[in-house]
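Coordinates as given in entry.cif (mmCIF, C-alpha atoms and all ligand atoms):
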```cif
data_query
loop_
_atom_site.label_atom_id
_atom_site.label_comp_id
_atom_site.auth_asym_id
_atom_site.auth_seq_id
_atom_site.Cartn_x
_atom_site.Cartn_y
_atom_site.Cartn_z
CA MET G 1 172.14 109.91 173.25
CA THR G 2 168.57 110.88 174.15
CA VAL G 3 166.35 112.08 171.31
CA LYS G 4 163.96 114.81 172.40
CA ILE G 5 160.58 114.58 170.75
CA GLY G 6 157.44 116.71 170.63
CA ILE G 7 154.01 115.79 169.30
CA ASN G 8 151.86 118.38 167.54
CA GLY G 9 148.22 117.21 167.44
CA TYR G 10 147.19 115.00 170.34
CA GLY G 11 144.19 113.14 168.89
CA THR G 12 143.60 109.53 167.85
CA ILE G 13 147.07 109.04 166.37
CA GLY G 14 149.04 111.55 168.47
CA LYS G 15 148.08 110.06 171.82
CA ARG G 16 149.01 106.57 170.69
CA ILE G 17 152.39 107.70 169.37
CA ALA G 18 152.95 109.49 172.71
CA SER G 19 152.31 106.24 174.64
CA ALA G 20 154.64 104.36 172.30
CA ILE G 21 157.49 106.90 172.57
CA MET G 22 157.37 106.60 176.36
CA LYS G 23 158.12 102.86 176.04
CA VAL G 24 161.31 103.31 173.99
CA SER G 25 164.56 103.90 175.81
CA GLY G 26 166.63 106.71 174.30
CA LEU G 27 163.50 108.67 173.34
CA GLU G 28 162.19 111.47 175.55
CA LEU G 29 158.72 112.91 175.04
CA VAL G 30 159.20 116.58 175.91
CA GLY G 31 155.59 117.61 175.42
CA VAL G 32 152.40 117.41 173.38
CA VAL G 33 150.54 120.22 171.63
CA LYS G 34 146.82 120.29 172.27
CA ARG G 35 144.63 122.89 170.56
CA SER G 36 141.90 123.18 173.18
CA PRO G 37 141.21 121.97 176.71
CA ASP G 38 139.07 118.82 176.66
CA TYR G 39 139.04 115.31 178.13
CA GLY G 40 142.15 114.45 176.08
CA ALA G 41 144.06 117.38 177.58
CA LEU G 42 142.86 116.51 181.10
CA GLN G 43 144.02 112.91 180.67
CA ALA G 44 147.39 113.97 179.21
CA HIS G 45 147.87 116.30 182.19
CA LYS G 46 146.93 113.51 184.62
CA GLN G 47 149.53 111.23 182.99
CA GLY G 48 152.17 113.89 183.69
CA LEU G 49 152.65 114.95 180.06
CA ALA G 50 153.75 118.55 179.48
CA LEU G 51 151.00 120.35 177.55
CA TYR G 52 151.74 123.04 174.97
CA ALA G 53 149.30 125.17 172.95
CA PRO G 54 149.65 125.95 169.23
CA ASP G 55 149.72 129.72 169.97
CA GLU G 56 149.07 132.37 172.65
CA GLU G 57 145.36 132.53 171.86
CA SER G 58 144.92 128.78 172.48
CA ALA G 59 147.08 129.05 175.61
CA LYS G 60 144.52 131.53 177.03
CA LYS G 61 141.72 128.96 176.55
CA PHE G 62 143.72 126.50 178.66
CA GLU G 63 144.34 129.09 181.37
CA LYS G 64 140.63 129.91 181.43
CA ALA G 65 139.84 126.21 181.89
CA GLY G 66 142.28 126.01 184.82
CA LEU G 67 144.70 123.79 182.89
CA PRO G 68 147.91 125.76 182.42
CA VAL G 69 150.17 124.93 179.50
CA LYS G 70 153.95 124.89 179.64
CA GLY G 71 154.31 127.03 176.53
CA THR G 72 153.48 127.34 172.86
CA LEU G 73 154.42 125.16 169.89
CA LYS G 74 157.26 127.55 169.01
CA GLU G 75 158.74 127.08 172.49
CA LEU G 76 158.39 123.30 172.20
CA LEU G 77 160.17 123.42 168.83
CA GLY G 78 163.06 125.18 170.56
CA GLU G 79 163.47 122.19 172.89
CA VAL G 80 163.17 119.15 170.60
CA ASP G 81 165.18 117.30 167.93
CA LEU G 82 162.13 115.93 166.16
CA ILE G 83 158.43 116.79 165.98
CA VAL G 84 155.77 114.21 165.18
CA ASP G 85 152.98 116.07 163.41
CA SER G 86 149.67 114.30 163.96
CA THR G 87 147.34 117.18 163.23
CA PRO G 88 144.38 116.59 160.87
CA GLY G 89 145.16 115.99 157.17
CA GLY G 90 146.44 119.14 155.43
CA VAL G 91 147.28 120.99 158.66
CA GLY G 92 150.76 119.45 158.88
CA ALA G 93 151.76 121.00 155.55
CA LYS G 94 150.85 124.43 156.95
CA TYR G 95 153.21 123.87 159.89
CA LYS G 96 156.07 122.67 157.68
CA PRO G 97 157.75 126.11 157.29
CA LEU G 98 157.70 126.57 161.09
CA TYR G 99 159.33 123.19 161.69
CA GLU G 100 161.99 124.00 159.08
CA GLU G 101 162.58 127.46 160.53
CA HIS G 102 163.40 125.81 163.88
CA GLY G 103 165.70 123.24 162.24
CA VAL G 104 163.66 120.39 163.69
CA LYS G 105 163.16 117.06 161.91
CA ALA G 106 159.50 116.29 161.20
CA ILE G 107 157.34 113.21 160.77
CA TYR G 108 154.01 113.77 159.00
CA GLN G 109 151.02 111.44 158.81
CA GLY G 110 149.14 109.92 155.89
CA GLY G 111 146.53 112.70 155.69
CA GLU G 112 149.22 114.93 154.18
CA LYS G 113 150.09 114.88 150.50
CA ALA G 114 153.22 112.88 149.60
CA ASP G 115 155.20 116.02 148.68
CA VAL G 116 155.10 117.26 152.29
CA ALA G 117 158.18 115.15 153.09
CA GLU G 118 161.35 113.82 151.50
CA VAL G 119 160.11 110.21 151.77
CA SER G 120 156.80 108.37 152.12
CA PHE G 121 157.49 105.56 154.55
CA SER G 122 156.44 102.02 155.37
CA SER G 123 158.92 100.03 157.49
CA LEU G 124 158.65 96.67 155.71
CA CYS G 125 159.18 98.33 152.30
CA ASN G 126 161.66 101.18 152.55
CA TYR G 127 163.11 101.62 156.07
CA GLU G 128 166.56 102.41 154.64
CA GLU G 129 165.22 105.35 152.60
CA ALA G 130 164.33 107.20 155.82
CA ILE G 131 167.77 106.93 157.43
CA GLY G 132 169.11 110.38 158.29
CA ARG G 133 166.21 112.23 156.58
CA ASN G 134 164.86 115.52 157.85
CA SER G 135 161.23 114.83 156.91
CA VAL G 136 159.29 111.60 156.51
CA ARG G 137 155.61 110.94 155.88
CA VAL G 138 154.23 107.75 157.44
CA VAL G 139 151.56 106.64 154.95
CA SER G 140 147.91 106.27 155.98
CA CYS G 141 146.38 103.31 157.82
CA ASN G 142 144.96 101.65 154.69
CA THR G 143 148.17 102.19 152.75
CA THR G 144 150.23 100.79 155.65
CA GLY G 145 148.02 97.67 155.62
CA LEU G 146 148.37 97.26 151.85
CA LEU G 147 152.13 97.87 151.86
CA ARG G 148 152.88 95.47 154.72
CA VAL G 149 151.37 92.54 152.86
CA ILE G 150 152.50 93.58 149.36
CA CYS G 151 156.14 93.99 150.44
CA THR G 152 156.03 90.69 152.36
CA LEU G 153 154.67 88.81 149.32
CA ASN G 154 157.01 90.64 146.95
CA LYS G 155 160.04 89.61 148.98
CA VAL G 156 159.13 85.91 148.87
CA PHE G 157 157.26 85.40 145.56
CA GLY G 158 157.54 88.67 143.60
CA VAL G 159 154.37 90.70 142.94
CA GLU G 160 153.22 91.36 139.36
CA LYS G 161 150.17 93.47 140.13
CA VAL G 162 147.52 94.13 142.77
CA ARG G 163 143.78 94.83 142.60
CA ALA G 164 142.15 95.77 145.90
CA THR G 165 138.79 96.88 147.25
CA ILE G 166 138.90 98.91 150.44
CA ILE G 167 135.84 98.77 152.70
CA ARG G 168 136.44 101.82 154.86
CA ARG G 169 135.17 102.51 158.33
CA ALA G 170 133.05 105.67 158.35
CA ALA G 171 134.63 107.36 161.38
CA ASP G 172 136.79 106.70 164.42
CA PRO G 173 134.75 105.71 167.50
CA LYS G 174 135.08 109.19 169.10
CA GLU G 175 133.86 111.09 166.04
CA VAL G 176 130.25 112.11 166.66
CA LYS G 177 129.64 114.19 163.55
CA ARG G 178 130.70 111.89 160.71
CA GLY G 179 128.70 109.45 158.63
CA PRO G 180 127.34 107.66 156.74
CA VAL G 181 124.83 106.33 159.26
CA ASN G 182 122.78 104.30 156.81
CA SER G 183 124.46 104.00 153.44
CA ILE G 184 127.37 102.52 151.51
CA VAL G 185 129.14 105.37 149.79
CA LEU G 186 131.44 105.05 146.77
CA ASN G 187 134.71 106.68 147.82
CA PRO G 188 135.22 108.15 145.27
CA PRO G 189 132.73 107.24 142.52
CA LYS G 190 135.50 107.50 139.91
CA LEU G 191 138.34 104.97 140.07
CA PRO G 192 141.01 104.50 141.22
CA SER G 193 140.66 105.46 144.87
CA HIS G 194 143.58 107.44 146.32
CA HIS G 195 144.95 104.29 148.01
CA ALA G 196 146.57 103.02 144.79
CA ILE G 197 148.26 106.40 144.31
CA ASP G 198 149.41 106.37 147.93
CA VAL G 199 150.88 102.85 147.64
CA LYS G 200 152.81 104.10 144.60
CA SER G 201 154.33 106.89 146.70
CA VAL G 202 156.37 104.05 148.29
CA LEU G 203 156.39 101.48 145.44
CA PRO G 204 156.32 103.54 142.22
CA TRP G 205 156.96 100.43 140.06
CA LEU G 206 153.84 98.56 141.22
CA ASP G 207 150.84 98.00 138.93
CA ILE G 208 148.00 98.56 141.41
CA TRP G 209 144.35 99.58 141.16
CA THR G 210 142.10 100.19 144.14
CA SER G 211 138.45 101.04 144.65
CA ALA G 212 136.84 101.98 147.94
CA VAL G 213 133.47 102.26 149.68
CA VAL G 214 132.68 103.75 153.08
CA VAL G 215 130.39 101.75 155.36
CA PRO G 216 128.68 102.64 158.69
CA THR G 217 131.14 101.13 161.16
CA THR G 218 133.86 102.62 163.38
CA LEU G 219 135.86 99.53 164.35
CA MET G 220 138.20 98.65 161.47
CA HIS G 221 138.70 98.80 157.71
CA VAL G 222 138.52 95.59 155.65
CA HIS G 223 140.36 95.03 152.35
CA ASN G 224 139.76 92.41 149.68
CA LEU G 225 142.98 91.89 147.70
CA ILE G 226 143.79 90.07 144.49
CA VAL G 227 147.56 89.76 144.20
CA TYR G 228 149.16 88.41 141.02
CA LEU G 229 152.41 86.71 142.05
CA LYS G 230 155.48 86.40 139.84
CA ARG G 231 155.91 82.70 140.57
CA ASP G 232 153.71 79.73 141.40
CA ALA G 233 152.94 79.22 145.07
CA SER G 234 150.68 76.96 147.08
CA ARG G 235 148.26 78.19 149.75
CA GLU G 236 150.60 76.66 152.34
CA ASP G 237 153.58 78.59 150.91
CA VAL G 238 151.64 81.86 151.24
CA ILE G 239 150.53 81.09 154.79
CA GLU G 240 154.11 80.22 155.76
CA ALA G 241 155.42 83.51 154.28
CA LEU G 242 152.79 85.50 156.18
CA LYS G 243 153.54 83.60 159.40
CA GLN G 244 157.22 84.55 159.12
CA ALA G 245 156.53 88.25 158.47
CA PRO G 246 156.54 90.83 161.26
CA ARG G 247 153.40 92.89 162.00
CA ILE G 248 151.09 90.47 160.20
CA MET G 249 148.69 88.37 162.27
CA LEU G 250 146.86 85.43 160.74
CA VAL G 251 143.48 84.73 162.31
CA SER G 252 141.76 81.44 161.59
CA SER G 253 138.01 81.33 162.02
CA GLU G 254 138.18 77.55 162.46
CA ALA G 255 140.26 77.92 165.61
CA SER G 256 138.81 81.16 167.01
CA GLY G 257 135.31 81.54 165.55
CA ILE G 258 136.36 85.02 164.38
CA LYS G 259 134.86 86.11 161.07
CA SER G 260 134.22 89.79 161.68
CA THR G 261 135.86 92.99 162.85
CA ALA G 262 133.52 93.07 165.87
CA GLN G 263 134.84 89.72 167.13
CA LEU G 264 138.44 90.79 166.52
CA VAL G 265 137.91 93.95 168.54
CA GLU G 266 136.16 92.00 171.29
CA ALA G 267 139.18 89.66 171.52
CA ALA G 268 141.55 92.66 171.61
CA ARG G 269 139.52 94.30 174.39
CA GLU G 270 140.63 91.50 176.74
CA VAL G 271 144.35 91.96 176.18
CA ARG G 272 145.14 95.33 174.64
CA PRO G 273 145.01 98.89 176.01
CA ARG G 274 142.45 100.91 173.97
CA TYR G 275 141.76 97.55 172.18
CA ASP G 276 144.54 98.50 169.76
CA ILE G 277 145.52 96.06 167.03
CA PRO G 278 148.62 97.52 165.34
CA GLU G 279 149.14 94.24 163.49
CA LEU G 280 147.68 93.78 160.00
CA VAL G 281 145.10 91.00 160.46
CA ILE G 282 144.73 88.52 157.60
CA PHE G 283 141.72 86.19 157.72
CA GLU G 284 143.52 82.88 157.14
CA ASP G 285 140.48 80.97 155.88
CA SER G 286 139.91 83.54 153.13
CA ILE G 287 143.33 82.87 151.55
CA HIS G 288 142.70 81.29 148.16
CA ILE G 289 145.15 80.78 145.32
CA GLU G 290 144.67 79.63 141.74
CA GLY G 291 147.89 79.52 139.74
CA ARG G 292 149.53 82.83 140.55
CA GLU G 293 146.30 84.63 141.47
CA LEU G 294 146.04 85.06 145.24
CA VAL G 295 142.89 86.34 146.97
CA PHE G 296 142.25 87.14 150.64
CA PHE G 297 140.57 89.48 153.13
CA GLN G 298 142.47 91.56 155.67
CA ALA G 299 141.48 93.98 158.45
CA VAL G 300 143.16 97.21 159.51
CA HIS G 301 142.73 98.84 162.91
CA GLN G 302 142.91 102.41 161.69
CA GLU G 303 143.62 103.99 165.08
CA SER G 304 146.80 102.01 165.82
CA ILE G 305 148.33 100.38 162.72
CA VAL G 306 150.66 103.32 161.94
CA VAL G 307 152.11 103.59 165.48
CA PRO G 308 155.00 101.08 165.08
CA GLU G 309 155.90 102.72 161.74
CA ASN G 310 156.12 106.12 163.46
CA ILE G 311 158.57 104.69 166.02
CA ASP G 312 160.64 103.09 163.23
CA ALA G 313 160.64 106.40 161.34
CA ILE G 314 162.10 108.15 164.41
CA LYS G 315 164.83 105.47 164.70
CA ALA G 316 165.70 105.79 161.00
CA MET G 317 165.66 109.60 160.83
CA MET G 318 167.80 109.91 163.96
CA SER G 319 170.10 107.09 162.67
CA LEU G 320 169.51 105.17 165.92
CA GLU G 321 169.30 101.88 163.99
CA ARG G 322 170.35 101.28 160.39
CA ASP G 323 169.22 97.66 160.16
CA PRO G 324 165.47 97.47 159.37
CA VAL G 325 165.09 93.95 160.74
CA LYS G 326 166.57 94.92 164.11
CA ALA G 327 164.60 98.19 164.22
CA ILE G 328 161.30 96.43 163.54
CA GLN G 329 161.99 93.58 165.99
CA ASP G 330 162.91 96.02 168.75
CA THR G 331 159.87 98.27 168.14
CA ASP G 332 157.54 95.27 168.09
CA SER G 333 158.88 93.79 171.28
CA LEU G 334 158.62 97.14 173.13
CA LEU G 335 155.09 97.84 171.87
CA GLY G 336 153.81 94.28 172.30
CA VAL G 337 153.15 93.77 168.58
CA SER G 338 152.65 90.03 168.26
CA LYS G 339 151.42 87.17 166.10
CA SER G 340 148.32 86.40 168.16
CA LEU G 341 145.72 87.95 170.47
CA TRP G 342 145.71 84.85 172.70
P1 LIG D 1 142.37 113.70 165.25
O1 LIG D 1 141.36 114.68 164.79
O2 LIG D 1 141.95 112.57 166.12
O3 LIG D 1 143.56 114.44 165.98
C1 LIG D 1 144.12 115.61 165.49
C2 LIG D 1 144.43 116.49 166.66
O4 LIG D 1 145.05 117.69 166.18
C3 LIG D 1 143.20 116.93 167.45
O5 LIG D 1 143.46 116.78 168.82
C4 LIG D 1 143.01 118.40 167.04
O6 LIG D 1 142.44 119.16 168.08
C5 LIG D 1 144.44 118.81 166.81
N1 LIG D 1 144.58 119.97 165.94
C6 LIG D 1 143.74 120.43 164.99
N2 LIG D 1 144.22 121.53 164.40
C7 LIG D 1 145.40 121.79 165.02
C8 LIG D 1 146.36 122.80 164.88
N3 LIG D 1 146.22 123.77 163.98
N4 LIG D 1 147.46 122.76 165.68
C9 LIG D 1 147.65 121.77 166.59
N5 LIG D 1 146.74 120.79 166.79
C10 LIG D 1 145.64 120.80 166.00
O7 LIG D 1 143.06 113.15 163.92
P2 LIG D 1 143.81 111.77 163.74
O8 LIG D 1 142.81 110.75 163.36
O9 LIG D 1 144.70 111.52 164.88
O10 LIG D 1 144.64 112.07 162.41
C11 LIG D 1 145.89 112.73 162.45
C12 LIG D 1 146.65 112.39 161.19
O11 LIG D 1 146.86 110.99 161.15
C13 LIG D 1 145.95 112.76 159.87
O12 LIG D 1 146.93 113.06 158.90
C14 LIG D 1 145.27 111.46 159.50
O13 LIG D 1 144.99 111.35 158.12
C15 LIG D 1 146.32 110.46 159.93
N6 LIG D 1 145.81 109.12 160.22
C16 LIG D 1 144.62 108.94 160.85
C17 LIG D 1 144.17 107.65 161.06
C18 LIG D 1 142.84 107.39 161.70
O14 LIG D 1 142.18 106.47 161.30
N7 LIG D 1 142.42 108.16 162.68
C19 LIG D 1 144.92 106.56 160.66
C20 LIG D 1 146.18 106.77 160.08
C21 LIG D 1 146.61 108.06 159.83
#
```

Can you dump the structure from the file as structure tokens?
Ligand code: NAD
Amino acid sequence: MTVKIGINGYGTIGKRIASAIMKVSGLELVGVVKRSPDYGALQAHKQGLALYAPDEESAKKFEKAGLPVKGTLKELLGEVDLIVDSTPGGVGAKYKPLYEEHGVKAIYQGGEKADVAEVSFSSLCNYEEAIGRNSVRVVSCNTTGLLRVICTLNKVFGVEKVRATIIRRAADPKEVKRGPVNSIVLNPPKLPSHHAIDVKSVLPWLDIWTSAVVVPTTLMHVHNLIVYLKRDASREDVIEALKQAPRIMLVSSEASGIKSTAQLVEAAREVRPRYDIPELVIFEDSIHIEGRELVFFQAVHQESIVVPENIDAIKAMMSLERDPVKAIQDTDSLLGVSKSLW
């Protein structure tokens, strides 16, 4: 069976999900919806992707630019089994009635509120909950990073509670109008930040508090976590558990000299298209444990970390694979998700 898929919103996340879908056998990317003709549309066209416009008015803009579209979003919805919505936060919810009207399954991204979909999703935590669903929301990049490590630690040691500080990148590299340029901004000033609430959309039982600041960088987010484990563990036990987990990459500064997001990205530039790092990177040297209190730093490549989860969500919703371990292994091997950049 071939699953026909469309993507609505071909930006940072949409174009990466498109590339990933094209690597998975059994999935067919029917087309992508672009709002206006720009370099992204030109490149999609050059790659041979079928372009669609959200509506007739947008389609005219494409015609005017000499880049004809194959149809409108409504026409695309008539051809697909599942739509991946990767429009900006809040826009996906506006499209929800249209997706439902066409009887098409929908994946939403983390910029939407949790109630947009039947399930908020993170593969390592709740793959099974997405099986056969009509709508799933893949949580945001920061929440994906938090959930990957929390669910890994919970499986091995049990997690009592989590306290985390999120140091957020200000903008994606392409975004020319966002700041801050010269400040560290409390995000928000009143705690907790929305990340704790978002983690609870997948793990409602977890005692978690988060705070966040935005800093002038575009490369990656960094998190500082304090995780209270349910049982005693040594530093070596924790490292071993993280080494065994999928989608988590330990980076040792002793071996690599890496102690910053800039160096991580520089290493990825040598081996990864778009310098994507869909793995959650944990700085191995920062792992410190006293009793049951575990502390460490981790880095999240915001542009790519949610891509494997989107592929898993498709597999679960379309009941292509019921076993989470197999689904994750298969996705990772197709997308080149690995334990090391060298
Ligand atoms: P983006 O701005 O890079 O891409 C969104 C695309 O949707 C753009 O091409 C835009 O032109 C298009 N668009 C806007 N309005 C539209 C409409 N009405 N109809 C169709 N297309 C429309 O945004 P992004 O960073 O890819 O974010 C998409 C979603 O993914 C958001 O929910 C966001 O919160 C989430 N997300 C973003 C990141 C990140 O760091 N960039 C990480 C994880 C999750």

Tell me, in Å to one decimal, how far CA of Tyr108 in chain G is from CA of Val159 in chain G.
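CA of Val159 in chain G lies 28.1 Å from CA of Tyr108 in chain G.
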
What lies within 9 Å of range 145-155 of chain G using all atoms listed in the file, ignoring chain neighbours under 2 positions off, as an NGL selection string?
:G and (122-125 or 140-143 or 157-160 or 162 or 164 or 195 or 199 or 202-203 or 223 or 225 or 227 or 229-230 or 238 or 241-242 or 245-248 or 279-281 or 298-300 or 305-306)

Where does chain G meet ligand LIG 1 (chain D) within 9 Å, residue by residue, with the nearest atom pair and distance in Å to one decimal for each, counting all atoms listed in the file, listed by chain and rising number, as a tab-separated table?
```
residue	atom	partner	partner_atom	distance
G:Asn8	CA	D:LIG1	C9	5.5
G:Gly9	CA	D:LIG1	O4	3.4
G:Tyr10	CA	D:LIG1	O5	4.4
G:Gly11	CA	D:LIG1	O3	3.2
G:Thr12	CA	D:LIG1	O9	3.7
G:Ile13	CA	D:LIG1	O9	3.7
G:Gly14	CA	D:LIG1	O9	5.6
G:Lys15	CA	D:LIG1	O9	7.9
G:Arg16	CA	D:LIG1	O9	8.8
G:Val33	CA	D:LIG1	C9	6.0
G:Lys34	CA	D:LIG1	N5	5.5
G:Arg35	CA	D:LIG1	N5	4.8
G:Ser36	CA	D:LIG1	O6	6.5
G:Gly40	CA	D:LIG1	O5	7.7
G:Ala41	CA	D:LIG1	O5	8.8
G:Ala53	CA	D:LIG1	C9	7.4
G:Pro54	CA	D:LIG1	N4	5.3
G:Asp55	CA	D:LIG1	N4	8.5
G:Leu73	CA	D:LIG1	C9	8.3
G:Asp85	CA	D:LIG1	C12	7.7
G:Ser86	CA	D:LIG1	C11	4.4
G:Thr87	CA	D:LIG1	O4	3.8
G:Pro88	CA	D:LIG1	C13	4.3
G:Gly89	CA	D:LIG1	O12	3.8
G:Gly90	CA	D:LIG1	O12	7.0
G:Val91	CA	D:LIG1	N3	6.1
G:Gly92	CA	D:LIG1	O12	7.4
G:Lys94	CA	D:LIG1	N3	8.4
G:Tyr95	CA	D:LIG1	N3	8.1
G:Tyr108	CA	D:LIG1	O12	7.1
G:Gln109	CA	D:LIG1	O12	4.4
G:Gly110	CA	D:LIG1	O12	4.9
G:Gly111	CA	D:LIG1	O13	3.2
G:Glu112	CA	D:LIG1	O12	5.6
G:Val138	CA	D:LIG1	C21	8.0
G:Val139	CA	D:LIG1	C21	7.1
G:Ser140	CA	D:LIG1	C21	4.4
G:Cys141	CA	D:LIG1	C20	4.1
G:Asn142	CA	D:LIG1	C20	7.5
G:Thr143	CA	D:LIG1	C20	8.9
G:Thr144	CA	D:LIG1	C20	8.5
G:Arg169	CA	D:LIG1	O14	8.6
G:Ala171	CA	D:LIG1	O14	7.6
G:Asp172	CA	D:LIG1	N7	6.1
G:Lys174	CA	D:LIG1	O2	8.2
G:Glu175	CA	D:LIG1	O2	8.2
G:Met220	CA	D:LIG1	O14	8.8
G:His301	CA	D:LIG1	O14	7.8
G:Gln302	CA	D:LIG1	O14	4.1
G:Glu303	CA	D:LIG1	O14	4.7
G:Ser304	CA	D:LIG1	C19	7.1
G:Ile305	CA	D:LIG1	C20	7.2
G:Val306	CA	D:LIG1	C20	6.0
G:Val307	CA	D:LIG1	C20	8.6
```

Could you state the separation of CA of Val24 in chain G and CA of Tyr39 in chain G in Å, given to one decimal place?
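Between CA of Val24 in chain G and CA of Tyr39 in chain G the gap is 25.6 Å.
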
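With only C-alpha atoms as the atoms that count, the minimum distance from Val69 in chain G to the choices G:Arg269, G:Lys177, G:Lys96, G:His45 is reached by G:His45.
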
Can you measure CA of Ile197 in chain G to CA of Val156 in chain G for me? One decimal in Å is fine.
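Result for CA of Ile197 in chain G versus CA of Val156 in chain G: 23.6 Å, one decimal.
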
Selection: 8 Å around Val185 in chain G, all atoms listed in the file, excl. self and same-chain fewer than 6 positions, as a PyMOL selection string:
chain G and resi 213-215

Let me make sure I understand: among G:Asn134, G:Thr218, G:Asn187, G:Gln47, which one has the smallest atom-to-atom distance to Pro173 in chain G if we use only C-alpha atoms?
G:Thr218

Please write as a VMD selection string the list of polymer residues whose atoms come within 12 Å of (159.4, 111.0, 158.4), counting all atoms listed in the file and keeping to the coordinates of the file.
chain G and resid 82 to 86 104 to 110 112 114 to 123 126 to 139 309 to 318

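Take the candidates G:Ala20, G:Val32, G:Glu57, G:Lys161 and check each one against Pro278 in chain G using all atoms listed in the file; the shortest distance goes to G:Ala20.
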
Selected residue of minimal separation from Glu293 in chain G among G:Val3, G:Ala233, G:Ile258, G:Ile328, counting all atoms listed in the file:
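Distance minimum relative to Glu293 in chain G lands on G:Ala233.
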
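In this comparison, which uses only C-alpha atoms, the residue of G:Lys4, G:Arg292, G:Arg178, G:His194 approaching Lys113 in chain G most closely is G:His194.
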
Contacts of His102 in chain G within 8 Å, only C-alpha atoms, excl. fewer than 2 positions in-chain, as an NGL selection string
:G and (77-78 or 98-100 or 104)

Restricting the calculation to all atoms listed in the file: of G:Ile277, G:Val271, G:Leu191, G:Ile7, which residue gets closest to Leu219 in chain G?
G:Ile277
